[in-house]
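Okay, structure.cif now, which holds mmCIF, C-alpha atoms:
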data_upload
#
loop_
_atom_site.label_atom_id
_atom_site.label_comp_id
_atom_site.auth_asym_id
_atom_site.auth_seq_id
_atom_site.Cartn_x
_atom_site.Cartn_y
_atom_site.Cartn_z
CA MET N 251 -28.12 11.70 8.54
CA THR N 252 -30.22 8.55 8.67
CA VAL N 253 -29.70 6.10 5.88
CA GLU N 254 -32.11 3.27 5.31
CA ALA N 255 -30.86 1.83 2.09
CA ALA N 256 -29.73 -1.56 0.99
CA THR N 257 -26.18 -2.82 0.89
CA ALA N 258 -25.10 -4.84 -2.11
CA ALA N 259 -25.12 -7.98 0.06
CA GLN N 260 -28.69 -7.27 1.23
CA ALA N 261 -29.73 -6.88 -2.39
CA GLY N 262 -28.05 -10.21 -3.17
CA LEU N 263 -25.40 -8.54 -5.32
CA LEU N 264 -21.65 -9.09 -5.31
CA SER N 265 -19.42 -6.08 -5.73
CA CYS N 266 -16.09 -6.59 -7.50
CA GLU N 267 -13.25 -5.34 -5.33
CA ALA N 268 -11.08 -4.65 -8.36
CA CYS N 269 -13.42 -2.85 -10.78
CA GLN N 270 -16.50 -2.13 -8.62
CA MET N 271 -18.86 -3.87 -11.03
CA LEU N 272 -21.96 -5.48 -9.49
CA SER N 273 -22.82 -9.09 -10.29
CA ARG N 274 -25.38 -11.68 -9.30
CA PRO N 275 -24.09 -14.70 -7.36
CA ALA N 276 -23.19 -17.90 -9.23
CA ALA N 277 -25.23 -21.08 -8.83
CA PRO N 278 -25.12 -22.49 -5.28
CA GLY N 279 -21.80 -24.14 -4.47
CA GLN N 280 -20.02 -22.38 -7.34
CA GLN N 281 -17.45 -19.64 -7.10
CA ALA N 282 -18.52 -16.39 -8.75
CA TYR N 283 -16.09 -14.35 -10.84
CA CYS N 284 -16.43 -10.80 -12.10
CA ARG N 285 -17.68 -10.86 -15.69
CA ARG N 286 -15.65 -7.81 -16.60
CA CYS N 287 -12.28 -8.37 -14.97
CA GLY N 288 -12.28 -11.98 -13.74
CA GLU N 289 -11.74 -11.12 -10.06
CA LYS N 290 -13.02 -13.68 -7.52
CA LEU N 291 -16.27 -12.39 -6.00
CA GLU N 292 -17.33 -12.77 -2.36
CA PHE N 293 -20.02 -11.06 -0.29
CA ARG N 294 -17.37 -10.73 2.45
CA HIS N 295 -13.80 -12.00 2.56
CA HIS N 296 -13.80 -15.70 3.38
CA ALA N 297 -12.97 -16.31 7.09
CA SER N 298 -11.84 -12.69 7.34
CA ILE N 299 -11.92 -12.50 11.15
CA GLN N 300 -9.99 -15.75 11.71
CA LYS N 301 -7.33 -14.94 9.11
CA THR N 302 -6.88 -11.39 10.41
CA TRP N 303 -6.53 -12.66 13.98
CA ALA N 304 -3.93 -15.21 12.86
CA LEU N 305 -1.87 -12.52 11.12
CA VAL N 306 -2.24 -10.03 14.00
CA ILE N 307 -1.11 -12.64 16.56
CA ALA N 308 1.83 -13.69 14.35
CA ALA N 309 2.85 -10.03 13.97
CA ALA N 310 2.54 -9.44 17.73
CA ILE N 311 4.86 -12.38 18.39
CA CYS N 312 7.42 -11.07 15.86
CA TYR N 313 7.19 -7.59 17.40
CA ILE N 314 9.02 -8.79 20.54
CA PRO N 315 12.27 -10.07 18.90
CA ALA N 316 12.05 -7.17 16.43
CA ASN N 317 12.55 -4.78 19.34
CA LEU N 318 14.88 -6.88 21.49
CA LEU N 319 17.32 -8.24 18.88
CA PRO N 320 19.89 -5.95 17.24
CA VAL N 321 18.98 -4.61 13.80
CA LEU N 322 22.56 -3.52 13.06
CA LYS N 323 25.93 -4.89 14.14
CA THR N 324 28.72 -2.34 13.91
CA THR N 325 32.33 -3.55 13.82
CA THR N 326 34.93 -0.84 14.47
CA LEU N 327 38.56 -2.03 14.32
CA GLY N 328 37.66 -5.47 15.58
CA ASP N 329 35.20 -4.29 18.23
CA SER N 330 31.65 -5.38 17.57
CA GLU N 331 28.44 -4.00 19.04
CA GLY N 332 24.77 -4.50 18.33
CA ASP N 333 22.13 -1.79 17.92
CA THR N 334 18.46 -2.40 18.56
CA ILE N 335 15.80 -0.07 17.18
CA LEU N 336 15.52 1.77 20.48
CA SER N 337 19.28 2.20 20.86
CA GLY N 338 19.30 3.56 17.28
CA VAL N 339 16.67 6.10 18.35
CA ALA N 340 18.78 6.94 21.42
CA PHE N 341 21.85 7.41 19.19
CA LEU N 342 19.99 9.84 16.91
CA TYR N 343 18.69 11.75 19.94
CA ALA N 344 22.14 11.90 21.57
CA THR N 345 23.80 13.19 18.41
CA GLY N 346 21.41 16.12 18.30
CA SER N 347 18.96 15.07 15.59
CA TRP N 348 15.90 14.74 17.81
CA PRO N 349 13.40 15.29 14.95
CA LEU N 350 14.83 12.21 13.22
CA ALA N 351 14.84 10.31 16.51
CA LEU N 352 11.15 11.12 16.83
CA ILE N 353 10.39 10.05 13.24
CA VAL N 354 12.15 6.71 13.72
CA LEU N 355 10.50 6.19 17.10
CA VAL N 356 7.04 6.86 15.67
CA ALA N 357 7.57 4.80 12.48
CA SER N 358 9.34 1.84 14.09
CA VAL N 359 7.85 1.48 17.53
CA MET N 360 4.55 3.33 17.73
CA ILE N 361 3.06 2.67 14.27
CA PRO N 362 3.47 -1.15 14.39
CA LEU N 363 2.13 -1.26 17.96
CA GLY N 364 -0.71 1.11 17.07
CA LYS N 365 -1.61 -1.04 14.07
CA LEU N 366 -1.77 -4.18 16.19
CA VAL N 367 -3.95 -2.49 18.82
CA ALA N 368 -6.21 -0.92 16.18
CA LEU N 369 -6.72 -4.19 14.29
CA ALA N 370 -7.39 -6.09 17.53
CA TYR N 371 -9.95 -3.42 18.51
CA LEU N 372 -11.66 -3.63 15.11
CA LEU N 373 -11.74 -7.43 15.28
CA LEU N 374 -13.16 -7.46 18.82
CA THR N 375 -15.87 -4.88 18.07
CA VAL N 376 -16.91 -6.74 14.91
CA GLN N 377 -17.02 -10.05 16.81
CA ARG N 378 -19.15 -8.50 19.55
CA GLY N 379 -21.53 -7.15 16.95
CA SER N 380 -20.92 -3.55 17.93
CA ILE N 381 -23.22 -1.06 16.20
CA THR N 382 -21.72 2.13 17.58
CA SER N 383 -19.00 4.46 16.28
CA ASN N 384 -19.04 2.92 12.81
CA HIS N 385 -17.69 6.12 11.25
CA GLU N 386 -14.79 6.26 13.70
CA ARG N 387 -13.98 2.58 13.19
CA THR N 388 -14.03 2.97 9.40
CA ARG N 389 -11.71 5.98 9.74
CA LEU N 390 -9.43 3.99 12.05
CA TYR N 391 -9.25 1.20 9.45
CA ARG N 392 -8.34 3.68 6.68
CA LEU N 393 -5.64 5.15 8.92
CA VAL N 394 -4.18 1.66 9.50
CA GLU N 395 -4.16 1.11 5.73
CA ILE N 396 -2.49 4.45 4.98
CA ILE N 397 0.19 4.67 7.66
CA GLY N 398 1.04 0.97 7.79
CA ARG N 399 3.70 1.19 5.09
CA TRP N 400 5.71 3.75 7.08
CA SER N 401 6.86 1.14 9.56
CA MET N 402 9.12 -0.20 6.77
CA LEU N 403 11.28 2.85 7.54
CA ASP N 404 13.78 1.11 9.76
CA VAL N 405 14.23 -1.75 7.31
CA PHE N 406 15.33 0.80 4.70
CA VAL N 407 17.54 2.63 7.22
CA ALA N 408 19.27 -0.66 8.08
CA THR N 409 19.61 -1.65 4.40
CA PHE N 410 21.26 1.58 3.30
CA THR N 411 23.45 1.85 6.39
CA VAL N 412 24.73 -1.68 5.69
CA ALA N 413 25.18 -0.91 2.00
CA MET N 414 27.18 2.27 2.61
CA VAL N 415 29.31 1.47 5.62
CA GLN N 416 31.57 -1.25 4.24
CA LEU N 417 34.98 0.22 4.98
CA GLN N 418 36.83 -2.91 6.06
CA PRO N 419 38.99 -3.16 8.08
CA LEU N 420 38.21 0.27 9.57
CA MET N 421 34.52 -0.12 10.05
CA SER N 422 31.70 -2.22 8.77
CA VAL N 423 28.03 -2.64 9.53
CA ALA N 424 26.11 -5.90 9.16
CA PRO N 425 22.37 -6.50 9.57
CA GLY N 426 21.25 -8.17 12.81
CA ALA N 427 18.57 -10.78 13.33
CA GLY N 428 16.08 -8.09 14.41
CA VAL N 429 15.71 -6.81 10.83
CA LEU N 430 14.01 -9.99 9.65
CA PHE N 431 11.50 -9.94 12.51
CA PHE N 432 10.91 -6.27 11.96
CA ALA N 433 10.23 -6.79 8.24
CA ALA N 434 7.91 -9.67 9.23
CA VAL N 435 5.88 -7.36 11.50
CA VAL N 436 5.43 -4.88 8.64
CA VAL N 437 4.42 -7.50 6.07
CA LEU N 438 2.12 -9.42 8.46
CA THR N 439 0.28 -6.27 9.59
CA MET N 440 -0.10 -5.05 5.99
CA LEU N 441 -1.54 -8.45 5.02
CA ALA N 442 -3.80 -8.40 8.10
CA ALA N 443 -5.23 -5.02 7.03
CA GLU N 444 -5.76 -6.43 3.53
CA VAL N 445 -7.50 -9.61 4.73
CA PHE N 446 -9.76 -7.76 7.19
CA ASP N 447 -13.08 -6.96 5.53
CA GLN N 448 -13.93 -3.39 6.54
CA ARG N 449 -17.53 -3.86 5.41
CA LEU N 450 -18.05 -6.10 8.46
CA ILE N 451 -17.93 -2.95 10.61
CA TRP N 452 -21.30 -1.90 9.15
CA ASP N 453 -22.92 -5.32 8.95
CA SER N 454 -24.02 -5.65 12.59
CA ALA N 455 -26.13 -2.51 12.37
CA TYR N 456 -27.66 -3.61 9.08
CA PRO N 457 -27.86 -7.42 9.22
CA HIS N 458 -28.70 -9.52 6.20
CA PRO N 459 -28.86 -13.23 5.42
CA ASN N 460 -26.37 -13.50 2.55
CA LEU N 461 -23.29 -13.24 4.72
CA HIS N 462 -23.59 -16.66 6.27
CA GLY N 463 -23.65 -18.58 3.03
CA MET J 107 -32.01 -3.15 -15.15
CA SER J 108 -30.05 -1.84 -18.06
CA ASP J 109 -26.34 -1.67 -18.88
CA ARG J 110 -26.50 1.97 -18.02
CA SER J 111 -27.62 1.41 -14.42
CA LEU J 112 -24.90 -1.26 -14.17
CA SER J 113 -22.19 1.18 -14.98
CA THR J 114 -23.55 3.97 -12.79
CA SER J 115 -24.35 1.94 -9.65
CA VAL J 116 -21.70 0.74 -7.25
CA ALA J 117 -21.46 -0.67 -3.75
CA CYS J 118 -19.27 1.35 -1.41
CA PRO J 119 -16.00 -0.57 -0.98
CA ASP J 120 -15.86 0.38 2.72
CA CYS J 121 -19.48 -0.18 3.86
CA ASP J 122 -21.18 -1.97 0.92
CA LEU J 123 -23.99 0.61 0.56
CA LEU J 124 -25.54 0.51 -2.91
CA GLN J 125 -25.64 3.82 -4.68
CA ARG J 126 -25.62 5.59 -8.01
CA ILE J 127 -22.66 7.73 -8.91
CA PRO J 128 -23.95 11.07 -10.18
CA PRO J 129 -22.15 12.86 -13.01
CA ILE J 130 -19.05 14.36 -11.38
CA PRO J 131 -17.60 17.69 -12.53
CA PRO J 132 -13.89 17.55 -13.48
CA GLY J 133 -11.57 17.71 -10.50
CA GLU J 134 -14.24 16.62 -8.04
CA LYS J 135 -15.14 13.35 -6.35
CA ALA J 136 -18.15 11.37 -5.17
CA CYS J 137 -18.28 10.16 -1.57
CA CYS J 138 -20.42 7.54 0.13
CA PRO J 139 -23.24 9.29 2.07
CA ARG J 140 -23.00 6.73 4.86
CA CYS J 141 -19.29 6.24 5.59
CA GLY J 142 -17.63 9.02 3.60
CA SER J 143 -15.41 6.75 1.52
CA VAL J 144 -14.32 8.23 -1.82
CA LEU J 145 -16.18 6.24 -4.47
CA ALA J 146 -15.07 7.93 -7.64
CA ARG J 147 -12.99 10.84 -8.87
CA GLN J 148 -13.32 12.77 -12.07
CA PRO J 149 -9.80 13.86 -12.95
CA ALA J 150 -9.30 17.31 -14.41
CA GLY J 151 -6.76 17.94 -17.13
CA PRO J 152 -6.12 16.59 -20.61
CA PRO J 153 -6.74 12.84 -21.14
CA ASP J 154 -3.17 12.24 -22.37
CA LEU J 155 -1.61 13.72 -19.24
CA PRO J 156 -1.29 10.37 -17.38
CA LEU J 157 0.50 8.88 -20.41
CA ALA J 158 2.95 11.80 -20.53
CA LEU J 159 3.53 11.43 -16.78
CA ALA J 160 3.99 7.65 -17.08
CA ILE J 161 6.61 8.07 -19.85
CA THR J 162 8.42 10.64 -17.69
CA ALA J 163 8.23 8.29 -14.71
CA ALA J 164 9.69 5.41 -16.79
CA LEU J 165 12.70 7.54 -17.80
CA VAL J 166 13.21 8.87 -14.27
CA PHE J 167 12.89 5.32 -12.91
CA ILE J 168 15.80 4.20 -15.11
CA VAL J 169 17.94 7.09 -13.83
CA ALA J 170 16.91 6.39 -10.21
CA ASN J 171 18.04 2.78 -10.48
CA THR J 172 21.27 3.19 -12.42
CA THR J 173 22.90 6.19 -10.75
CA PRO J 174 24.32 6.27 -7.19
CA LEU J 175 22.01 7.43 -4.39
CA MET J 176 24.89 8.69 -2.33
CA ASP J 177 28.68 8.80 -2.17
CA LEU J 178 30.59 8.36 1.04
CA ALA J 179 34.17 9.41 1.68
CA VAL J 180 36.22 8.63 4.78
CA LEU J 181 40.00 8.76 5.17
CA GLY J 182 40.52 8.81 1.42
CA ARG J 183 38.26 5.86 0.75
CA THR J 184 35.04 6.25 -1.15
CA ALA J 185 31.93 4.12 -1.55
CA SER J 186 28.63 4.59 -3.33
CA THR J 187 25.40 2.68 -3.59
CA THR J 188 22.35 2.37 -5.82
CA VAL J 189 18.89 1.21 -4.74
CA ILE J 190 19.43 -2.35 -5.93
CA GLY J 191 23.00 -2.23 -4.55
CA GLY J 192 21.53 -1.73 -1.09
CA ALA J 193 19.36 -4.82 -1.45
CA LEU J 194 22.28 -6.84 -2.86
CA GLU J 195 24.53 -5.94 0.06
CA MET J 196 21.79 -7.04 2.45
CA PHE J 197 21.54 -10.33 0.51
CA ARG J 198 25.31 -10.90 0.76
CA GLU J 199 25.25 -10.18 4.49
CA GLY J 200 22.90 -13.09 5.02
CA GLU J 201 19.51 -11.32 5.24
CA GLN J 202 18.11 -12.79 2.02
CA ILE J 203 14.41 -12.48 2.89
CA THR J 204 14.75 -8.85 3.97
CA ALA J 205 16.82 -8.13 0.84
CA ILE J 206 14.08 -9.55 -1.39
CA LEU J 207 11.43 -7.52 0.46
CA VAL J 208 13.48 -4.33 0.06
CA ALA J 209 14.05 -5.05 -3.65
CA PHE J 210 10.32 -5.71 -4.06
CA CYS J 211 9.13 -2.52 -2.31
CA ALA J 212 11.84 -0.25 -3.75
CA VAL J 213 12.35 -1.55 -7.30
CA ILE J 214 9.98 -4.29 -8.46
CA ALA J 215 6.68 -2.78 -7.21
CA PRO J 216 7.33 0.80 -8.45
CA GLY J 217 8.84 -0.55 -11.69
CA GLY J 218 5.90 -2.89 -12.20
CA TYR J 219 3.49 -0.05 -11.52
CA ILE J 220 5.12 2.16 -14.15
CA ALA J 221 5.40 -0.68 -16.70
CA PHE J 222 1.75 -1.73 -16.21
CA MET J 223 0.50 1.87 -16.25
CA LEU J 224 2.42 2.63 -19.45
CA THR J 225 1.20 -0.54 -21.18
CA LEU J 226 -2.42 -0.13 -20.18
CA LEU J 227 -2.50 3.55 -21.12
CA LEU J 228 -1.18 2.60 -24.57
CA GLY J 229 -3.72 -0.25 -24.72
CA ALA J 230 -6.46 2.21 -23.74
CA ARG J 231 -5.76 4.13 -26.97
CA LEU J 232 -7.04 1.13 -28.97
CA ASP J 233 -10.73 0.74 -29.73
CA PRO J 234 -12.19 -1.56 -28.49
CA VAL J 235 -10.03 -1.75 -25.38
CA PRO J 236 -8.30 -5.17 -25.34
CA ILE J 237 -9.18 -7.55 -22.50
CA TRP J 238 -5.59 -7.66 -21.17
CA VAL J 239 -6.01 -4.03 -20.16
CA ALA J 240 -8.61 -5.22 -17.63
CA ALA J 241 -6.20 -7.84 -16.26
CA MET J 242 -3.49 -5.20 -15.85
CA LEU J 243 -5.91 -2.74 -14.21
CA ARG J 244 -6.82 -5.48 -11.76
CA TRP J 245 -3.19 -6.11 -10.79
CA ILE J 246 -1.85 -2.58 -10.73
CA HIS J 247 -3.40 -1.88 -7.31
CA HIS J 248 -1.08 -4.48 -5.72
CA PHE J 249 2.02 -2.82 -7.14
CA GLU J 250 0.73 0.53 -5.88
CA MET J 251 0.21 -0.84 -2.39
CA TRP J 252 3.72 -2.32 -2.06
CA SER J 253 5.56 0.49 -3.79
CA MET J 254 7.28 2.36 -0.94
CA LEU J 255 9.55 4.92 -2.59
CA GLU J 256 8.61 7.69 -0.16
CA VAL J 257 9.34 5.45 2.83
CA MET J 258 12.67 4.43 1.27
CA MET J 259 13.57 8.09 0.67
CA LEU J 260 13.04 8.92 4.34
CA GLY J 261 14.96 5.77 5.31
CA ILE J 262 17.90 6.83 3.14
CA LEU J 263 17.86 10.32 4.67
CA VAL J 264 17.94 8.88 8.19
CA ALA J 265 20.81 6.54 7.18
CA LEU J 266 22.64 9.49 5.60
CA ILE J 267 22.42 11.55 8.77
CA LYS J 268 23.56 8.61 10.90
CA ILE J 269 26.54 7.97 8.61
CA SER J 270 27.41 11.66 8.32
CA GLN J 271 28.64 11.42 11.92
CA LEU J 272 31.46 9.16 10.67
CA ALA J 273 32.11 10.19 7.11
CA THR J 274 31.41 12.80 4.47
CA VAL J 275 28.27 11.90 2.56
CA HIS J 276 26.92 13.44 -0.63
CA ALA J 277 23.53 12.82 -2.17
CA GLY J 278 23.88 11.49 -5.72
CA LEU J 279 21.79 11.91 -8.87
CA GLY J 280 19.80 8.78 -7.99
CA MET J 281 18.49 10.51 -4.87
CA TYR J 282 17.05 13.40 -6.88
CA ALA J 283 15.53 10.95 -9.34
CA VAL J 284 13.83 9.06 -6.48
CA GLY J 285 12.55 12.43 -5.23
CA ALA J 286 11.07 13.17 -8.67
CA LEU J 287 9.41 9.73 -8.77
CA ILE J 288 7.78 10.37 -5.39
CA LEU J 289 6.09 13.41 -6.97
CA LEU J 290 5.26 11.65 -10.26
CA PHE J 291 3.47 8.66 -8.67
CA PRO J 292 0.61 10.60 -7.01
CA ALA J 293 0.39 12.81 -10.12
CA ILE J 294 -0.31 9.69 -12.23
CA VAL J 295 -2.83 8.39 -9.69
CA VAL J 296 -4.89 11.61 -9.61
CA THR J 297 -4.87 12.23 -13.37
CA PHE J 298 -5.62 8.63 -14.41
CA ASP J 299 -9.35 8.00 -14.85
CA SER J 300 -9.65 4.28 -14.05
CA ARG J 301 -13.46 4.48 -13.93
CA ALA J 302 -13.70 5.71 -17.53
CA LEU J 303 -11.28 3.00 -18.67
CA TRP J 304 -13.20 0.25 -16.83
CA ALA J 305 -16.38 1.45 -18.51
CA ARG J 306 -14.73 0.96 -21.92
CA VAL J 307 -13.44 -2.56 -21.23
CA GLU J 308 -15.28 -5.14 -23.34
CA TRP J 309 -17.06 -7.81 -21.34
CA ASP J 310 -19.84 -10.33 -21.70
CA HIS J 311 -22.96 -8.16 -21.88
CA ASP J 312 -25.22 -11.20 -22.34
CA ASP J 313 -25.14 -11.99 -18.64
CA ALA J 314 -28.14 -11.01 -16.61
CA ALA J 315 -28.01 -7.30 -16.04
CA VAL J 316 -28.17 -6.19 -12.45
CA ALA J 317 -31.01 -4.18 -11.11
CA ALA J 318 -29.98 -1.29 -8.97
CA GLY J 319 -33.34 0.28 -8.30
CA GLY J 320 -33.75 2.17 -5.04
CA ALA J 321 -30.04 2.77 -4.76
CA MET J 322 -28.86 5.89 -3.01
CA THR J 323 -27.05 8.64 -4.80
CA ALA J 324 -23.54 9.35 -3.65
CA ASP J 325 -22.68 12.76 -2.28
CA ALA J 326 -20.96 15.01 -4.76
CA GLN J 327 -18.11 16.84 -3.09
CA GLY J 328 -15.68 19.46 -4.23
#
What's the C-alpha cells form of this structure?
Amino acid sequence: MTVEAATAAQAGLLSCEACQMLSRPAAPGQQAYCRRCGEKLEFRHHASIQKTWALVIAAAICYIPANLLPVLKTTTLGDSEGDTILSGVAFLYATGSWPLALIVLVASVMIPLGKLVALAYLLLTVQRGSITSNHERTRLYRLVEIIGRWSMLDVFVATFTVAMVQLQPLMSVAPGAGVLFFAAVVVLTMLAAEVFDQRLIWDSAYPHPNLHG
Amino acid sequence: MSDRSLSTSVACPDCDLLQRIPPIPPGEKACCPRCGSVLARQPAGPPDLPLALAITAALVFIVANTTPLMDLAVLGRTASTTVIGGALEMFREGEQITAILVAFCAVIAPGGYIAFMLTLLLGARLDPVPIWVAAMLRWIHHFEMWSMLEVMMLGILVALIKISQLATVHAGLGMYAVGALILLFPAIVVTFDSRALWARVEWDHDDAAVAAGGAMTADAQG
C-alpha cells in the first residue's frame, strides 16, 4: 500500500505522547506543553540518538561484569562459592530442569544481548538515513519494548533465593556484585528504548523541515 | 478546524502519520495504515467493569504483599518470605540499589498503578472530570511500564525449583495472590477506555484549534 500523507511534524503539529492530542508549536524559543494534560511537547525526542547511544554503550559495558561476576555467593558449613549467571544455568541444566535452564539463559543472556544489538542496529540505520524495511524496524523496536522487562528475571531469582536461604550456620546465600551490574543492564536498556524516538525510523523516507528546529 | 476534528485526529505514536480515528465497534481496534501500530481500542463490556476489577486488584494486592510467598523447611527449621521481605533481605545483604529496584518493580509500581487507576476511575465518575484525573492518566503509563509482577512470578518459580533441591518448599497464599494480580492487570488494561476519558477531560478550548484536513483514516481491524 502506498501512503502519501502528512506526518504531524510535516503539518507543523505536535502530538502529545501521553494523551495523543495535537497542538500547534509554541512561539519560537519557547517550550510547548500539551493544553490538555500538561505533557512537554516535542516534534522528536531531544537528542534522541545521542542519548540512546550513551545508554546502549553504558549497558554494554555493564553487561560484561554482569556475566563475569558472581550473582550469588553460597556458603555451606563455612565453604563459600560464587555462582555467575551461566553457572546458575548450568546448575539448572545439570539438576534436570532443562526448560528452566533455557528460560533463564534466554531471559538473562540472550534478551539483554539481543536488545543491545537491536538498538544499535536501529540507531545505525536511522543515522545512515535508511529508507528500507521500515515495517520490520518498527516491529523490532516494539519487540525490544515488550520483551525488555523479562531480563529482570535473574534479579528476582537472586533476590528470592537470598531471601529464602538464610539457614545459618548450615547454609546461607548472599548476593554477589554481578547482581548490581545485571540490574543496571536491564534499567539502562529499558531507558534506552524509552529515549529512542521510533518515529525517526520513518523520517528519512518522508523528510520534513520541522525536525531540525 | 473544529473541536471535533481535534478529538478524532491523531498522529501515530510509532510513525507520526496523521489520521482520523473512525468510529470503532466495541471490542475492536484501529491500526495505523502505514506502520500497523494500534492507535485506539474500543473496549467491550460494561463501563464499570474496570472499576470493579481495580477494587478486586487492590484487595488482592494487599493479600499478595502481606502473606508469605513460600515456606521452606529443612532439618526442622522453617523460613518464609513476602515480596517486600525479599527486597529487605537484599538490602540487608548490602545490595541496596538492587533492593530498591526490586521493591519498585514488584511493589511500588504495581501498587501505584492500582492506586492511580482506582482514584482516576472514581474521579471519572464526576462531571466535569477534574483536572487531576488528567495528571494521573499521564503518569499511570510509567507505573505500568515498570510493574513486573509476571517477571517476578517466574523468578520466584525458578528460585523455588533451585531451592527445592536442598529443602522442602511450599507455595504460600501470597503466591496465588500474585498469580491473580497477573491476570487482573491486563484485564484492567483492556477494559479501561482511556480515549473516552481523555475526551472528557476539561481543558482550555480557547486555544487555536488544530486543522487536521487531509488526514488519513486509520484501518479498522477486528
- [ ] Please write as JSON, numbers by chain the full residue list that the PyMOL selection byres ((chain J) within 6 of (chain N)) yields on this file.
- [x] {"J": [117, 120, 121, 122, 123, 124, 141, 192, 195, 204, 240, 244, 257, 258, 261, 262, 265, 309]}
TODO: Convert the output of the PyMOL selection byres ((chain N and resi 374) around 12) on the shown file into explicit residues, formatted as a PyMOL selection string.
DONE: chain N and resi 299-300+302-303+367-373+375-380+387+450-451
Open item on the list: Once the PyMOL selection byres ((chain J and resi 225) around 12) is applied to the coordinates I shared, what remains selected? I want it as a list in words.
Closed with: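 Evaluating the PyMOL selection byres ((chain J and resi 225) around 12) on this file yields Pro156, Leu157, Ala160, Ile161, Ala164, Gly218, Tyr219, Ile220, Ala221, Phe222, Met223, Leu224, Leu226, Leu227, Leu228, Gly229, Ala230, Arg231, Leu232, Pro236, Trp238, Val239, Ala240, Ala241, Met242, Leu243 and Ile246 of chain J.
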Could the residues in this selection be saved with C-alpha atoms as a JSON list (two decimals), in the coordinates of the input?
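Listing of again11.json after writing:
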[["chain", "number", "residue", "atom", "x", "y", "z"],
["J", 156, "PRO", "CA", -1.29, 10.37, -17.38],
["J", 157, "LEU", "CA", 0.50, 8.88, -20.41],
["J", 160, "ALA", "CA", 3.99, 7.65, -17.08],
["J", 161, "ILE", "CA", 6.61, 8.07, -19.85],
["J", 164, "ALA", "CA", 9.69, 5.41, -16.79],
["J", 218, "GLY", "CA", 5.90, -2.89, -12.20],
["J", 219, "TYR", "CA", 3.49, -0.05, -11.52],
["J", 220, "ILE", "CA", 5.12, 2.16, -14.15],
["J", 221, "ALA", "CA", 5.40, -0.68, -16.70],
["J", 222, "PHE", "CA", 1.75, -1.73, -16.21],
["J", 223, "MET", "CA", 0.50, 1.87, -16.25],
["J", 224, "LEU", "CA", 2.42, 2.63, -19.45],
["J", 226, "LEU", "CA", -2.42, -0.13, -20.18],
["J", 227, "LEU", "CA", -2.50, 3.55, -21.12],
["J", 228, "LEU", "CA", -1.18, 2.60, -24.57],
["J", 229, "GLY", "CA", -3.72, -0.25, -24.72],
["J", 230, "ALA", "CA", -6.46, 2.21, -23.74],
["J", 231, "ARG", "CA", -5.76, 4.13, -26.97],
["J", 232, "LEU", "CA", -7.04, 1.13, -28.97],
["J", 236, "PRO", "CA", -8.30, -5.17, -25.34],
["J", 238, "TRP", "CA", -5.59, -7.66, -21.17],
["J", 239, "VAL", "CA", -6.01, -4.03, -20.16],
["J", 240, "ALA", "CA", -8.61, -5.22, -17.63],
["J", 241, "ALA", "CA", -6.20, -7.84, -16.26],
["J", 242, "MET", "CA", -3.49, -5.20, -15.85],
["J", 243, "LEU", "CA", -5.91, -2.74, -14.21],
["J", 246, "ILE", "CA", -1.85, -2.58, -10.73]]
TODO: Pick out the closest residue to Ile288 (chain J) from this set: J:Ser300, J:Phe167, J:Asp233, J:Gly182. Count all atoms listed in the file.
DONE: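 Ranked by minimum distance to Ile288 (chain J), first place goes to J:Phe167.
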Task: Length of the CA of Tyr282 (chain J) to CA of Phe210 (chain J) vector [Å] - done: 20.5 Å
Could you give me the centre and size, in Å to one decimal, of an axis-aligned box around all listed atoms of region 384-393 of chain N with 5 Å added on every side, as JSON?
{"center_x": -12.3, "center_y": 3.7, "center_z": 10.2, "size_x": 23.4, "size_y": 15.1, "size_z": 17.0}
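Between CA of Ala310 (chain N) and CA of Lys365 (chain N) the interatomic distance comes to 10.1 Å.
The spacing separating CA of Val208 (chain J) from CA of Ile190 (chain J) amounts to 8.7 Å.
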Open item on the list: Could you list, as JSON, numbers by chain, every residue within 9 Å of Gly142 (chain J), counting only C-alpha atoms and ignoring same-chain residues fewer than 2 positions away?
Closed with: {"N": [385], "J": [120, 137, 138, 139, 140, 144, 145, 325]}
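Nearest residue to Pro315 (chain N), choosing from N:Gly262, N:Asp333, N:Gly428, N:Leu441 and counting only C-alpha atoms: N:Gly428.
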Using the incomplete input, complete region 362-370 of chain N to the level of N, CA and C atoms; output as a PDB file, in the frame of the given file.
ATOM      1  N   PRO N 362       3.799   0.286  14.365  1.00  0.00           N
ATOM      2  CA  PRO N 362       3.470  -1.150  14.390  1.00  0.00           C
ATOM      3  C   PRO N 362       2.595  -1.529  15.592  1.00  0.00           C
ATOM      4  N   LEU N 363       2.919  -0.962  16.762  1.00  0.00           N
ATOM      5  CA  LEU N 363       2.130  -1.260  17.960  1.00  0.00           C
ATOM      6  C   LEU N 363       0.712  -0.725  17.801  1.00  0.00           C
ATOM      7  N   GLY N 364       0.594   0.503  17.302  1.00  0.00           N
ATOM      8  CA  GLY N 364      -0.710   1.110  17.070  1.00  0.00           C
ATOM      9  C   GLY N 364      -1.553   0.301  16.109  1.00  0.00           C
ATOM     10  N   LYS N 365      -0.896  -0.220  15.052  1.00  0.00           N
ATOM     11  CA  LYS N 365      -1.610  -1.040  14.070  1.00  0.00           C
ATOM     12  C   LYS N 365      -2.153  -2.305  14.712  1.00  0.00           C
ATOM     13  N   LEU N 366      -1.331  -2.946  15.535  1.00  0.00           N
ATOM     14  CA  LEU N 366      -1.770  -4.180  16.190  1.00  0.00           C
ATOM     15  C   LEU N 366      -2.956  -3.907  17.112  1.00  0.00           C
ATOM     16  N   VAL N 367      -2.862  -2.833  17.909  1.00  0.00           N
ATOM     17  CA  VAL N 367      -3.950  -2.490  18.820  1.00  0.00           C
ATOM     18  C   VAL N 367      -5.207  -2.135  18.038  1.00  0.00           C
ATOM     19  N   ALA N 368      -5.054  -1.347  16.964  1.00  0.00           N
ATOM     20  CA  ALA N 368      -6.210  -0.920  16.180  1.00  0.00           C
ATOM     21  C   ALA N 368      -6.899  -2.113  15.526  1.00  0.00           C
ATOM     22  N   LEU N 369      -6.116  -3.020  14.935  1.00  0.00           N
ATOM     23  CA  LEU N 369      -6.720  -4.190  14.290  1.00  0.00           C
ATOM     24  C   LEU N 369      -7.408  -5.086  15.311  1.00  0.00           C
ATOM     25  N   ALA N 370      -6.776  -5.272  16.487  1.00  0.00           N
ATOM     26  CA  ALA N 370      -7.390  -6.090  17.530  1.00  0.00           C
ATOM     27  C   ALA N 370      -8.711  -5.461  17.976  1.00  0.00           C
TER      28      ALA N 370
END
